[in-house]
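File shown here: work.pdb, holding PDB, C-alpha atoms and all ligand atoms.
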```pdb
ATOM      1  CA  MET A  29       0.732  -4.389   4.874
ATOM      2  CA  LYS A  30       1.625  -7.900   3.888
ATOM      3  CA  ILE A  31       2.447 -10.171   6.805
ATOM      4  CA  SER A  32       5.315 -12.599   6.229
ATOM      5  CA  ALA A  33       4.775 -16.368   6.073
ATOM      6  CA  GLU A  34       6.976 -16.714   9.202
ATOM      7  CA  GLU A  35       4.815 -14.286  11.154
ATOM      8  CA  LEU A  36       1.615 -15.990  10.005
ATOM      9  CA  THR A  37       2.940 -19.414  11.013
ATOM     10  CA  ALA A  38       4.244 -18.185  14.363
ATOM     11  CA  GLY A  39       1.058 -16.174  15.054
ATOM     12  CA  LYS A  40       3.333 -13.344  16.123
ATOM     13  CA  LEU A  41       4.358 -10.122  14.434
ATOM     14  CA  SER A  42       8.040  -9.273  14.415
ATOM     15  CA  PRO A  43       9.048  -6.242  16.503
ATOM     16  CA  GLU A  44       9.757  -4.369  13.227
ATOM     17  CA  THR A  45       6.233  -5.045  11.922
ATOM     18  CA  VAL A  46       4.676  -3.920  15.214
ATOM     19  CA  GLU A  47       6.706  -0.723  15.116
ATOM     20  CA  LEU A  48       5.862   0.050  11.492
ATOM     21  CA  ALA A  49       2.156  -0.716  11.968
ATOM     22  CA  ALA A  50       1.973   1.344  15.181
ATOM     23  CA  ASN A  51       3.584   4.297  13.443
ATOM     24  CA  LEU A  52       1.226   3.946  10.492
ATOM     25  CA  ILE A  53      -1.774   4.104  12.817
ATOM     26  CA  GLN A  54      -0.286   7.106  14.597
ATOM     27  CA  VAL A  55       0.595   8.981  11.419
ATOM     28  CA  ASN A  56      -1.918   7.688   8.873
ATOM     29  CA  GLY A  57      -4.872   6.762  11.126
ATOM     30  CA  HIS A  58      -5.023   3.104  10.147
ATOM     31  CA  VAL A  59      -3.227  -0.028   9.075
ATOM     32  CA  ILE A  60      -4.418  -3.063   7.101
ATOM     33  CA  PHE A  61      -2.891  -6.500   7.637
ATOM     34  CA  GLU A  62      -3.786  -8.319   4.460
ATOM     35  CA  LYS A  63      -5.472 -11.719   4.654
ATOM     36  CA  VAL A  64      -4.509 -13.177   7.980
ATOM     37  CA  LEU A  65      -7.525 -15.353   8.826
ATOM     38  CA  PRO A  66      -7.894 -18.807   7.247
ATOM     39  CA  ASP A  67     -10.498 -18.953   4.432
ATOM     40  CA  GLU A  68     -12.404 -21.688   6.243
ATOM     41  CA  LEU A  69     -12.984 -19.546   9.336
ATOM     42  CA  VAL A  70     -14.017 -16.536   7.239
ATOM     43  CA  LYS A  71     -16.541 -18.671   5.353
ATOM     44  CA  THR A  72     -17.961 -20.073   8.604
ATOM     45  CA  LEU A  73     -18.305 -16.536   9.977
ATOM     46  CA  PHE A  74     -19.890 -15.204   6.789
ATOM     47  CA  ASP A  75     -22.364 -18.088   6.491
ATOM     48  CA  ARG A  76     -23.471 -17.802  10.110
ATOM     49  CA  TYR A  77     -23.726 -14.033   9.828
ATOM     50  CA  ILE A  78     -25.999 -14.305   6.794
ATOM     51  CA  GLU A  79     -28.143 -16.848   8.689
ATOM     52  CA  ILE A  80     -28.658 -14.174  11.335
ATOM     53  CA  LEU A  81     -28.883 -11.152   9.033
ATOM     54  CA  GLU A  82     -31.535 -12.369   6.596
ATOM     55  CA  PRO A  83     -34.282 -13.174   9.119
ATOM     56  CA  TYR A  84     -33.357 -10.026  11.032
ATOM     57  CA  LEU A  85     -33.885  -7.849   7.955
ATOM     58  CA  GLU A  86     -37.162  -9.541   7.226
ATOM     59  CA  GLU A  87     -38.413  -9.093  10.761
ATOM     60  CA  HIS A  88     -37.232  -5.488  11.105
ATOM     61  CA  HIS A  89     -37.644  -4.385   7.493
ATOM     62  CA  ASP A  90     -39.764  -1.327   8.245
ATOM     63  CA  GLU A  91     -37.382  -0.012  10.896
ATOM     64  CA  VAL A  92     -34.164  -0.758   9.018
ATOM     65  CA  TYR A  93     -35.257   0.780   5.738
ATOM     66  CA  ASN A  94     -37.157   3.644   7.333
ATOM     67  CA  PRO A  95     -35.918   6.887   5.701
ATOM     68  CA  LYS A  96     -35.916   8.450   9.179
ATOM     69  CA  ASN A  97     -33.412   5.892  10.415
ATOM     70  CA  GLY A  98     -30.267   7.992  10.312
ATOM     71  CA  PHE A  99     -27.466   6.308   8.466
ATOM     72  CA  ASN A 100     -29.811   3.777   6.910
ATOM     73  CA  ASP A 101     -31.593   6.491   4.983
ATOM     74  CA  GLY A 102     -30.959   5.199   1.458
ATOM     75  CA  THR A 103     -27.447   4.012   2.247
ATOM     76  CA  ASN A 104     -28.563   0.436   2.972
ATOM     77  CA  HIS A 105     -25.983   0.270   5.704
ATOM     78  CA  ILE A 106     -26.798  -1.603   8.858
ATOM     79  CA  ARG A 107     -24.992  -1.921  12.140
ATOM     80  CA  LEU A 108     -25.928  -5.181  13.816
ATOM     81  CA  TYR A 109     -24.683  -5.985  17.322
ATOM     82  CA  LEU A 110     -23.471  -9.573  17.398
ATOM     83  CA  PRO A 111     -24.599 -12.217  19.872
ATOM     84  CA  PHE A 112     -21.609 -13.203  22.021
ATOM     85  CA  GLU A 113     -21.469 -16.793  20.801
ATOM     86  CA  LYS A 114     -19.608 -19.067  18.406
ATOM     87  CA  PRO A 115     -18.385 -18.745  15.718
ATOM     88  CA  PHE A 116     -18.129 -14.959  16.262
ATOM     89  CA  ILE A 117     -16.233 -15.280  19.547
ATOM     90  CA  ASP A 118     -13.409 -17.334  18.080
ATOM     91  CA  GLU A 119     -10.230 -16.224  19.870
ATOM     92  CA  SER A 120      -8.760 -15.233  16.510
ATOM     93  CA  ILE A 121     -11.550 -12.649  16.235
ATOM     94  CA  ILE A 122     -11.893 -11.221  19.722
ATOM     95  CA  ALA A 123      -8.246 -11.555  20.778
ATOM     96  CA  HIS A 124      -6.268 -12.021  17.578
ATOM     97  CA  PRO A 125      -2.567 -12.217  18.530
ATOM     98  CA  PHE A 126      -1.575  -9.566  15.942
ATOM     99  CA  VAL A 127      -4.283  -7.229  17.227
ATOM    100  CA  MET A 128      -3.205  -7.887  20.814
ATOM    101  CA  GLN A 129       0.346  -6.867  19.941
ATOM    102  CA  MET A 130      -0.930  -3.596  18.484
ATOM    103  CA  ILE A 131      -3.284  -2.953  21.430
ATOM    104  CA  ASP A 132      -0.421  -3.551  23.887
ATOM    105  CA  ARG A 133       1.823  -1.199  21.937
ATOM    106  CA  LEU A 134      -0.672   1.645  21.424
ATOM    107  CA  LEU A 135      -3.195   1.423  24.268
ATOM    108  CA  GLY A 136      -1.285  -0.504  26.925
ATOM    109  CA  GLU A 137      -1.557  -4.023  28.278
ATOM    110  CA  ASP A 138      -4.452  -3.193  30.574
ATOM    111  CA  SER A 139      -6.955  -2.692  27.775
ATOM    112  CA  VAL A 140     -10.526  -3.836  27.316
ATOM    113  CA  MET A 141     -12.885  -4.605  24.465
ATOM    114  CA  HIS A 142     -16.180  -2.753  24.811
ATOM    115  CA  TYR A 143     -18.019  -3.102  21.496
ATOM    116  CA  PHE A 144     -18.933  -6.147  19.439
ATOM    117  CA  ALA A 145     -20.892  -5.571  16.233
ATOM    118  CA  THR A 146     -20.908  -5.643  12.457
ATOM    119  CA  ASN A 147     -21.253  -2.959   9.784
ATOM    120  CA  THR A 148     -22.745  -4.167   6.554
ATOM    121  CA  SER A 149     -23.208  -2.422   3.240
ATOM    122  CA  LEU A 150     -26.292  -4.122   1.833
ATOM    123  CA  PRO A 151     -26.996  -4.359  -1.900
ATOM    124  CA  GLY A 152     -29.181  -1.640  -3.387
ATOM    125  CA  GLY A 153     -27.841   1.356  -1.469
ATOM    126  CA  GLN A 154     -28.338   4.635  -3.327
ATOM    127  CA  LYS A 155     -25.973   6.949  -1.535
ATOM    128  CA  CYS A 156     -22.920   7.226   0.703
ATOM    129  CA  GLN A 157     -23.098   7.739   4.435
ATOM    130  CA  PRO A 158     -22.129  11.207   5.656
ATOM    131  CA  VAL A 159     -18.390  11.521   6.275
ATOM    132  CA  HIS A 160     -17.875  10.991  10.002
ATOM    133  CA  ALA A 161     -15.539  10.026  12.823
ATOM    134  CA  ASP A 162     -16.679   7.269  15.180
ATOM    135  CA  THR A 163     -16.292   9.488  18.212
ATOM    136  CA  GLY A 164     -17.217  12.902  19.531
ATOM    137  CA  SER A 165     -15.006  15.442  21.252
ATOM    138  CA  MET A 166     -13.924  14.519  24.763
ATOM    139  CA  PHE A 167     -14.001  18.066  26.142
ATOM    140  CA  GLY A 168     -16.707  19.809  24.082
ATOM    141  CA  THR A 169     -15.327  23.033  22.659
ATOM    142  CA  ARG A 170     -12.767  23.460  25.456
ATOM    143  CA  CYS A 171      -9.782  21.511  24.165
ATOM    144  CA  ALA A 172      -7.757  22.771  21.229
ATOM    145  CA  MET A 173      -5.146  20.021  21.404
ATOM    146  CA  ASN A 174      -4.984  16.636  19.749
ATOM    147  CA  LEU A 175      -5.360  13.921  22.397
ATOM    148  CA  PRO A 176      -3.745  10.475  22.597
ATOM    149  CA  ILE A 177      -5.494   7.523  20.937
ATOM    150  CA  SER A 178      -8.385   6.345  23.110
ATOM    151  CA  ASN A 179     -10.134   3.785  20.966
ATOM    152  CA  LEU A 180      -8.867   1.445  18.299
ATOM    153  CA  ILE A 181     -11.504  -0.019  16.012
ATOM    154  CA  VAL A 182     -10.709  -3.420  14.573
ATOM    155  CA  ASN A 183     -12.541  -4.497  11.407
ATOM    156  CA  PHE A 184     -12.526  -7.970   9.882
ATOM    157  CA  PRO A 185     -14.090  -7.986   6.381
ATOM    158  CA  LEU A 186     -15.953 -11.256   5.770
ATOM    159  CA  VAL A 187     -15.847 -10.936   1.958
ATOM    160  CA  ASP A 188     -13.300  -9.469  -0.435
ATOM    161  CA  THR A 189     -13.898  -5.731  -0.321
ATOM    162  CA  THR A 190     -13.872  -4.327  -3.856
ATOM    163  CA  GLU A 191     -14.797  -1.093  -5.655
ATOM    164  CA  ASP A 192     -18.201  -2.690  -6.368
ATOM    165  CA  ASN A 193     -19.473  -3.968  -3.067
ATOM    166  CA  GLY A 194     -19.512  -0.871  -0.864
ATOM    167  CA  PRO A 195     -15.999  -0.478   0.501
ATOM    168  CA  MET A 196     -15.431   1.826   3.437
ATOM    169  CA  GLU A 197     -14.008   5.102   2.134
ATOM    170  CA  ILE A 198     -11.404   6.654   4.414
ATOM    171  CA  TRP A 199      -9.647   9.996   4.765
ATOM    172  CA  PRO A 200      -6.269   8.970   6.168
ATOM    173  CA  GLY A 201      -3.314  11.248   6.730
ATOM    174  CA  GLY A 202      -4.382  13.678   9.395
ATOM    175  CA  THR A 203      -8.112  13.504  10.115
ATOM    176  CA  HIS A 204      -7.401  11.672  13.410
ATOM    177  CA  LEU A 205      -4.809  14.257  14.430
ATOM    178  CA  LEU A 206      -7.112  17.248  14.840
ATOM    179  CA  PRO A 207      -7.716  19.222  18.031
ATOM    180  CA  ASP A 208     -10.290  17.532  20.273
ATOM    181  CA  TYR A 209     -13.040  20.138  19.608
ATOM    182  CA  TRP A 210     -12.947  19.174  15.932
ATOM    183  CA  TYR A 211     -14.769  15.931  16.781
ATOM    184  CA  GLY A 212     -17.605  17.817  18.462
ATOM    185  CA  PRO A 213     -20.871  19.044  16.930
ATOM    186  CA  LYS A 214     -19.624  22.611  16.405
ATOM    187  CA  ALA A 215     -16.802  21.608  14.071
ATOM    188  CA  TYR A 216     -16.799  22.706  10.429
ATOM    189  CA  SER A 217     -18.669  20.265   8.173
ATOM    190  CA  LYS A 218     -16.563  17.176   7.495
ATOM    191  CA  GLU A 219     -18.777  16.570   4.491
ATOM    192  CA  LYS A 220     -17.854  19.910   2.891
ATOM    193  CA  LEU A 221     -14.171  19.595   3.648
ATOM    194  CA  ALA A 222     -13.917  15.960   2.579
ATOM    195  CA  GLU A 223     -15.087  16.824  -0.943
ATOM    196  CA  HIS A 224     -11.825  18.709  -1.403
ATOM    197  CA  MET A 225      -9.606  16.208   0.346
ATOM    198  CA  HIS A 226      -7.837  13.038  -0.611
ATOM    199  CA  SER A 227      -9.654   9.792   0.220
ATOM    200  CA  ILE A 228      -9.091   6.131  -0.548
ATOM    201  CA  LYS A 229     -11.303   3.061  -0.608
ATOM    202  CA  GLY A 230     -10.423   0.444   2.002
ATOM    203  CA  LEU A 231     -10.066  -2.401  -0.498
ATOM    204  CA  MET A 232      -8.842  -5.648   1.037
ATOM    205  CA  PRO A 233      -9.264  -9.393   0.759
ATOM    206  CA  ALA A 234     -11.632 -11.269   3.098
ATOM    207  CA  GLY A 235      -9.897 -12.211   6.350
ATOM    208  CA  SER A 236      -7.777  -9.055   6.465
ATOM    209  CA  ILE A 237      -7.637  -6.891   9.579
ATOM    210  CA  MET A 238      -8.056  -3.137   9.523
ATOM    211  CA  ILE A 239      -7.063  -1.347  12.722
ATOM    212  CA  ARG A 240      -7.996   2.323  12.875
ATOM    213  CA  ASP A 241      -8.038   5.282  15.220
ATOM    214  CA  ASP A 242     -11.748   5.958  15.846
ATOM    215  CA  ARG A 243     -11.222   9.622  14.947
ATOM    216  CA  MET A 244     -10.163   8.956  11.345
ATOM    217  CA  TRP A 245     -12.887  10.242   9.011
ATOM    218  CA  HIS A 246     -14.650   7.660   6.878
ATOM    219  CA  ARG A 247     -17.995   6.711   5.376
ATOM    220  CA  GLY A 248     -19.845   3.689   4.066
ATOM    221  CA  THR A 249     -20.416   3.615   0.303
ATOM    222  CA  PRO A 250     -23.202   1.944  -1.717
ATOM    223  CA  ASN A 251     -22.941  -1.742  -2.494
ATOM    224  CA  ARG A 252     -23.527  -2.320  -6.214
ATOM    225  CA  SER A 253     -23.046  -6.078  -6.029
ATOM    226  CA  GLY A 254     -25.709  -8.618  -5.150
ATOM    227  CA  THR A 255     -24.102  -9.775  -1.891
ATOM    228  CA  PRO A 256     -23.882  -8.081   1.523
ATOM    229  CA  ARG A 257     -20.453  -6.747   2.498
ATOM    230  CA  PRO A 258     -20.056  -7.256   6.259
ATOM    231  CA  ASN A 259     -17.226  -6.068   8.486
ATOM    232  CA  ILE A 260     -16.980  -7.349  12.036
ATOM    233  CA  ALA A 261     -16.287  -4.290  14.209
ATOM    234  CA  MET A 262     -14.790  -4.351  17.685
ATOM    235  CA  ILE A 263     -13.519  -1.485  19.810
ATOM    236  CA  TYR A 264     -10.629  -1.680  22.264
ATOM    237  CA  ALA A 265      -9.647   0.975  24.797
ATOM    238  CA  PRO A 266      -7.375   1.359  27.817
ATOM    239  CA  ALA A 267      -9.338   0.035  30.834
ATOM    240  CA  ASP A 268      -9.556   3.513  32.387
ATOM    241  CA  ARG A 269     -11.088   4.919  29.172
ATOM    242  CA  ALA A 270     -13.777   2.220  28.803
ATOM    243  CA  PRO A 271     -17.386   3.482  28.638
ATOM    244  CA  MET A 272     -19.274   3.530  31.954
ATOM    245  CA  HIS A 273     -22.000   1.230  30.689
ATOM    246  CA  ALA A 274     -21.210  -2.282  29.534
ATOM    247  CA  THR A 275     -23.040  -3.560  26.447
ATOM    248  CA  ILE A 276     -21.801  -7.089  25.723
ATOM    249  CA  GLN A 277     -23.831  -9.847  27.436
ATOM    250  CA  ILE A 278     -21.705 -12.917  28.217
ATOM    251  CA  PRO A 279     -23.042 -16.045  29.954
ATOM    252  CA  GLU A 280     -20.878 -17.218  32.885
ATOM    253  CA  GLU A 281     -20.050 -20.546  31.190
ATOM    254  CA  THR A 282     -18.943 -18.806  27.979
ATOM    255  CA  TYR A 283     -16.757 -16.407  29.951
ATOM    256  CA  LYS A 284     -15.087 -19.280  31.812
ATOM    257  CA  GLN A 285     -14.141 -20.911  28.528
ATOM    258  CA  LEU A 286     -12.353 -17.840  27.165
ATOM    259  CA  SER A 287      -8.567 -17.541  27.281
ATOM    260  CA  PRO A 288      -7.156 -15.513  30.184
ATOM    261  CA  ARG A 289      -6.405 -12.655  27.753
ATOM    262  CA  ALA A 290      -9.941 -12.607  26.360
ATOM    263  CA  GLN A 291     -11.343 -12.740  29.917
ATOM    264  CA  ARG A 292      -9.220  -9.748  30.847
ATOM    265  CA  LEU A 293     -10.368  -7.862  27.740
ATOM    266  CA  LEU A 294     -14.024  -8.494  28.534
ATOM    267  CA  ARG A 295     -13.983  -8.296  32.306
ATOM    268  CA  LYS A 296     -15.981  -5.042  32.454
ATOM    269  CA  GLU A 297     -18.822  -6.364  30.272
ATOM    270  CA  LYS A 298     -22.083  -7.981  31.414
ATOM    271  CA  ILE A 299     -20.758 -11.315  32.639
ATOM    272  CA  GLY A 300     -23.437 -13.755  33.781
ATOM    273  CA  HIS A 301     -26.096 -12.396  31.395
ATOM    274  CA  PRO A 302     -27.741 -14.513  28.690
ATOM    275  CA  VAL A 303     -26.537 -14.004  25.102
ATOM    276  CA  ALA A 304     -28.344 -10.978  23.681
ATOM    277  CA  PRO A 305     -30.100 -11.554  20.354
ATOM    278  CA  PRO A 306     -28.779  -9.544  17.382
ATOM    279  CA  LYS A 307     -30.074  -5.977  17.251
ATOM    280  CA  HIS A 308     -29.402  -2.869  15.214
TER     281      HIS A 308
HETATM  282  O1  LIG B 401     -18.377  -0.543   7.218
HETATM  283  C1  LIG B 401     -18.396   0.536   6.619
HETATM  284  O2  LIG B 401     -18.377   0.605   5.402
HETATM  285  C2  LIG B 401     -18.441   1.821   7.395
HETATM  286  C3  LIG B 401     -19.652   1.893   8.244
HETATM  287  C4  LIG B 401     -19.669   3.078   9.117
HETATM  288  O3  LIG B 401     -18.768   3.861   9.152
HETATM  289  C5  LIG B 401     -20.830   3.313   9.975
HETATM  290  O4  LIG B 401     -21.863   2.652   9.819
HETATM  291  O5  LIG B 401     -20.733   4.199  10.849
END
```
Any chance you could put this one into structure tokens?
Ligand SMILES: O=C(O)CCC(=O)C(=O)O
Amino acid sequence: MKISAEELTAGKLSPETVELAANLIQVNGHVIFEKVLPDELVKTLFDRYIEILEPYLEEHHDEVYNPKNGFNDGTNHIRLYLPFEKPFIDESIIAHPFVMQMIDRLLGEDSVMHYFATNTSLPGGQKCQPVHADTGSMFGTRCAMNLPISNLIVNFPLVDTTEDNGPMEIWPGGTHLLPDYWYGPKAYSKEKLAEHMHSIKGLMPAGSIMIRDDRMWHRGTPNRSGTPRPNIAMIYAPADRAPMHATIQIPEETYKQLSPRAQRLLRKEKIGHPVAPPKH
């Protein structure tokens, strides 16, 4: 979706945009707000991310590129948890006003953020990831109904995402609307089904926002360019659906400096812990 100049200037989506975007997520599994972050901020984020990523890859080369390492087996995809520090914790990343409007509308005002990481398609990948949802079933094989949205994943691409540089491929439409047991290990192979289904590439300019139901099927694709393609990835959930174990380490001083909304979003995380170094 294109966001109007008035909405961008006001930092607030109109009620009509919120309604349309919410319905798109409900019906189509995702929405993309095209290019909402300023170029300068995206560049700062990208540059700092690369400063972290490159030494990390060097130091952990054998683990990251180990063929036994699940998704990184020839896909050259890496998930890197981000340190909770600037510039990554800019309020327009962790509590972007447009995202907050969507969270309020779809998950409720008492929501939390419980995941802070990046997904990067690195150059040289040879194959796609398996088609997957980012969640399992909530009730094993026992629930044959589709459940309400529990987790919204928010992605900020830090470069233009093109056909060439490993865009996320998605299966929108109905893959988030299946009975709960379909997200469990006994479900029919998503991989086999997806081959016969309609998919699209999540192409979007740097600084866009993709908001998606964590059940929507997707996969990382190989990056045929020479530059990493990182997406910041955060997960929001209603407070009563947050995972039992917190993962984001936030020093007390950093927490105090956050806006009241960001503090509320992060209140269940590890406040008073030193910033954790990046890890995959
Ligand atoms: O960022 C992407 O291209 C998708 C990555 C992904 O789905 C994953 O690593 O689980």
key: Protein and nucleic acid residues within 8 Å of ligand LIG 401 (chain B) (all atoms listed in the file) as a PyMOL selection string   = chain A and resi 99+105-107+146-149+157+160-162+194-197+246-249+258-259
key: Residue neighbourhood Glu281 (chain A), 12 Å, all atoms listed in the file, exclusion window fewer than 2 positions, as a ChimeraX atom specification   = /A:112-113,277-279,283-286,291,299-303
key: One-decimal distance in Å that lies between CA of Ile260 (chain A) and CA of Gly153 (chain A)   = 19.4 Å
inquiry  = With the PyMOL selection byres (((chain A and resi 170) around 12) and not hetatm) as the selection, what would be picked from this file? Answer as a VMD selection string, please.
reply    = chain A and resid 165 to 169 171 to 174 207 to 212 214
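The two atoms in question, CA of Ile122 (chain A) and CA of Asp188 (chain A), are spaced 20.3 Å apart.
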request  = With the file shown as input, list the residues that the PyMOL selection byres (((chain A and resi 229) around 9) and not hetatm) selects, as a ChimeraX atom specification.
outcome  = /A:190-191,195-199,227-228,230-231
Determine, for each residue of region 109-140 of chain A having at least one atom at most 12 Å from an atom of region 81-97 of chain A, the closest pair of atoms and their separation in Å to one decimal, counting only C-alpha atoms; order by chain and ascending number, as a tab-separated table.
```
residue	atom	partner	partner_atom	distance
A:Tyr109	CA	A:Leu81	CA	10.6
A:Leu110	CA	A:Leu81	CA	10.1
A:Pro111	CA	A:Leu81	CA	11.7
```
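Distance-wise, CA of Ile263 (chain A) and CA of Ile177 (chain A) end up 12.1 Å apart.
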ask   = If you count all atoms listed in the file, which residues fall within 7 Å of region 60-72 of chain A, apart from same-chain ones fewer than 6 positions away, as number ranges by chain?
value = A: 29-31, 186, 232-239
I need the residues from that last selection saved to file as an mmCIF file, keeping the file's coordinate frame (with C-alpha atoms), if you can.
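Result went into again.cif, see below:
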```cif
data_model
loop_
_atom_site.group_PDB
_atom_site.id
_atom_site.type_symbol
_atom_site.label_atom_id
_atom_site.label_comp_id
_atom_site.auth_asym_id
_atom_site.auth_seq_id
_atom_site.Cartn_x
_atom_site.Cartn_y
_atom_site.Cartn_z
ATOM 1 C CA MET A 29 0.732 -4.389 4.874
ATOM 2 C CA LYS A 30 1.625 -7.900 3.888
ATOM 3 C CA ILE A 31 2.447 -10.171 6.805
ATOM 4 C CA LEU A 186 -15.953 -11.256 5.770
ATOM 5 C CA MET A 232 -8.842 -5.648 1.037
ATOM 6 C CA PRO A 233 -9.264 -9.393 0.759
ATOM 7 C CA ALA A 234 -11.632 -11.269 3.098
ATOM 8 C CA GLY A 235 -9.897 -12.211 6.350
ATOM 9 C CA SER A 236 -7.777 -9.055 6.465
ATOM 10 C CA ILE A 237 -7.637 -6.891 9.579
ATOM 11 C CA MET A 238 -8.056 -3.137 9.523
ATOM 12 C CA ILE A 239 -7.063 -1.347 12.722
#
```
request  = Find the residue from A:Asp101, A:Leu134, A:Glu47, A:Pro185 that sits nearest to Ile121 (chain A); use all atoms listed in the file when measuring.
outcome  = A:Pro185
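Among A:Tyr77, A:Phe184, A:His142, A:Ser178, the residue with the shortest atom-to-atom distance to Lys298 (chain A), counting only C-alpha atoms, is A:His142.
Across A:Pro266, A:Gly57, A:Pro158, A:Gly102, the tightest approach to Leu135 (chain A) is made by A:Pro266 when counting only C-alpha atoms.
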Could I see region 34-40 of chain A restored to all heavy atoms, set down as a compact mmCIF listing (two decimals), in the coordinates of the input?
```txt
# COMPACT_ATOMS: atom_id res chain seq x y z
N GLU A 34 6.44 -16.34 7.87
CA GLU A 34 6.98 -16.71 9.20
C GLU A 34 6.07 -16.14 10.31
O GLU A 34 5.76 -16.82 11.28
CB GLU A 34 8.41 -16.16 9.41
CG GLU A 34 9.48 -16.78 8.53
CD GLU A 34 9.43 -16.28 7.08
OE1 GLU A 34 8.92 -15.16 6.85
OE2 GLU A 34 9.86 -17.03 6.18
N GLU A 35 5.66 -14.90 10.13
CA GLU A 35 4.82 -14.29 11.15
C GLU A 35 3.45 -14.98 11.21
O GLU A 35 2.90 -15.20 12.30
CB GLU A 35 4.64 -12.79 10.86
CG GLU A 35 5.92 -11.99 11.04
CD GLU A 35 5.79 -10.56 10.55
OE1 GLU A 35 5.47 -10.37 9.35
OE2 GLU A 35 5.99 -9.63 11.34
N LEU A 36 2.92 -15.32 10.04
CA LEU A 36 1.62 -15.99 10.01
C LEU A 36 1.70 -17.35 10.69
O LEU A 36 0.83 -17.73 11.47
CB LEU A 36 1.13 -16.15 8.56
CG LEU A 36 0.65 -14.86 7.89
CD1 LEU A 36 0.43 -15.07 6.39
CD2 LEU A 36 -0.64 -14.35 8.54
N THR A 37 2.78 -18.09 10.41
CA THR A 37 2.94 -19.41 11.01
C THR A 37 3.14 -19.30 12.52
O THR A 37 2.55 -20.05 13.30
CB THR A 37 4.17 -20.14 10.40
OG1 THR A 37 4.03 -20.09 8.99
CG2 THR A 37 4.26 -21.58 10.85
N ALA A 38 3.96 -18.33 12.93
CA ALA A 38 4.24 -18.18 14.36
C ALA A 38 3.07 -17.55 15.11
O ALA A 38 2.97 -17.62 16.33
CB ALA A 38 5.49 -17.33 14.55
N GLY A 39 2.15 -16.90 14.39
CA GLY A 39 1.06 -16.17 15.05
C GLY A 39 1.60 -15.00 15.85
O GLY A 39 1.01 -14.58 16.85
N LYS A 40 2.71 -14.46 15.38
CA LYS A 40 3.33 -13.34 16.12
C LYS A 40 3.99 -12.40 15.14
O LYS A 40 4.74 -12.84 14.25
CB LYS A 40 4.38 -13.95 17.07
CG LYS A 40 4.92 -12.96 18.05
CD LYS A 40 5.70 -13.62 19.17
CE LYS A 40 6.03 -12.53 20.16
NZ LYS A 40 7.31 -12.47 20.67
```
